[in-house]
Amino acid sequence: MKKFIALNILLFLAVALTTAQLEVSMSQYMHNRYTINKAFAGAHDALSLYGSFRKKWAGINGSPSGQFFSANTPLKNEKIALGLSLFNQQYAVSQHTGFSLSYTYRIKTNDHNWLGFALSGGGNFISAKWSNVFVIEENDESFNYNETSFNPIIGFGISMYSDKFFAGISIPSFFVQSEYADSLSFDMGKINYIATAGYAFRADEKWIIQPSFMAQYDGMVSNIYVDLNATVIYNKLLWVGVSYRTTSDIVGLVGYQITPQLRFAYSYNYTLSNIGSYNSGTHEVSIQYDFNFKIQTPNPKFF
């Protein structure tokens, strides 16, 4: 019975996500904001590389997983920052593989604050291998074929940030795929919007508290999803955090600043809904490396 339920869930995901917009799935967004908003490119004042692996609903055969890589850097003219992101996500028999390039124009509003505006463009290759689905009746023509398609990506973002706070709003892509996955359209009422903000409160010389949130509006289904996070950082080396999502998820995060340039992080996501009983949670591992800092400080750039 459990296998039957799990199979139906995965098939539903494969159909829904093949026709949907790219899902933003990342528990550690507050430490790599470029992932969800290209206007944060250059925020680390250095060439910043980030890679992550995410396995959702571990223990269920064919459950969603994803890999993400990004690189962004300010140029010699510090008003301009460039970025690149690559992603690969699998949902049962469906796979999304794509890339995005970004251009960010930054305005220094005072000695510590930046205002950024970004445009990004790329593409998303989508494939659905229905022939890999196990069916009871052999030679079922409904599953005896594969689908492939390509969706262009054009996005926009605005950000404001300093060493203590960040805030931004972004549109991952202006293109919306139709319900039947046969055409693209431009519809501001159906696209995704992502808003995020956070602030670092210094309790004393060794302790920093970082509350943050991310809210995503999915125009295709007119729903809002919110992620609330609180992270505590000790001595700028070790941080522990917890998040709650309105999708009935609880997330625990831990990270370690190995060097001022190198950071490792892990998060565990437990689903409170019924599907949480059929898997061992969602795991996400990430590593980030910032090359030589332009600013003369040995401290890592949290924001």
# chains A, B, ... in the order shown; residues from 1 in each chain; ligands from 1
$ closest_atom_pairs --of "range 43-128 of chain A" --to "range 273-282 of chain A" --cutoff "9 Å" --atoms "only C-alpha atoms" --output "CSV"
residue,atom,partner,partner_atom,distance
A:Arg54,CA,A:Thr282,CA,7.3
A:Lys55,CA,A:Thr282,CA,5.6
A:Lys56,CA,A:Thr282,CA,4.3
A:Trp57,CA,A:Gly281,CA,5.0
A:Ala58,CA,A:Ser280,CA,5.3
A:Gly59,CA,A:Asn279,CA,5.1
A:Ile60,CA,A:Asn279,CA,6.0
$ write_last_selection --atoms "C-alpha atoms" --output "mmCIF file, in the first residue's frame"
data_model
loop_
_atom_site.group_PDB
_atom_site.id
_atom_site.type_symbol
_atom_site.label_atom_id
_atom_site.label_comp_id
_atom_site.auth_asym_id
_atom_site.auth_seq_id
_atom_site.Cartn_x
_atom_site.Cartn_y
_atom_site.Cartn_z
ATOM 1 C CA ARG A 54 19.574 18.318 -2.577
ATOM 2 C CA LYS A 55 17.695 15.034 -2.150
ATOM 3 C CA LYS A 56 14.008 15.381 -1.371
ATOM 4 C CA TRP A 57 12.025 12.659 0.412
ATOM 5 C CA ALA A 58 14.986 10.300 0.753
ATOM 6 C CA GLY A 59 13.987 6.639 0.883
ATOM 7 C CA ILE A 60 11.355 6.857 -1.871
#
$ residues_around --residues "Phe69 in chain A" --least-positions-apart "5" --cutoff "10 Å" --atoms "only C-alpha atoms" --output "JSON list (two decimals) with C-alpha atoms, in the first residue's frame"
[["chain", "number", "residue", "atom", "x", "y", "z"],
["A", 35, "THR", "CA", 20.43, 31.63, -6.18],
["A", 49, "LEU", "CA", 31.53, 29.92, -6.16],
["A", 50, "TYR", "CA", 28.65, 27.89, -4.75],
["A", 51, "GLY", "CA", 27.60, 24.28, -5.25],
["A", 52, "SER", "CA", 24.82, 22.25, -3.64],
["A", 53, "PHE", "CA", 23.13, 18.88, -3.79],
["A", 84, "LEU", "CA", 26.39, 32.28, -14.02],
["A", 85, "SER", "CA", 24.14, 29.55, -12.67],
["A", 86, "LEU", "CA", 23.67, 25.91, -13.71],
["A", 87, "PHE", "CA", 20.98, 23.57, -12.42],
["A", 88, "ASN", "CA", 19.78, 20.02, -12.85],
["A", 99, "PHE", "CA", 21.60, 27.63, -17.25],
["A", 286, "SER", "CA", 26.41, 22.91, 0.06],
["A", 287, "ILE", "CA", 29.92, 24.31, -0.19],
["A", 288, "GLN", "CA", 30.92, 27.88, -0.95]]
$ residues_around --residues "Leu119 in chain A" --least-positions-apart "4" --cutoff "8 Å" --atoms "only C-alpha atoms" --output "ChimeraX atom specification"
/A:38-39,102-104,154-157
$ residues_around --residues "Met214 in chain A" --least-positions-apart "3" --cutoff "7 Å" --atoms "only C-alpha atoms" --output "VMD selection string"
chain A and resid 195 to 197 226 to 228
$ closest_residue --among "A:Met188, A:Ile250, A:Ala92, A:Ile194" --to "Leu272 in chain A" --atoms "only C-alpha atoms"
A:Ile250
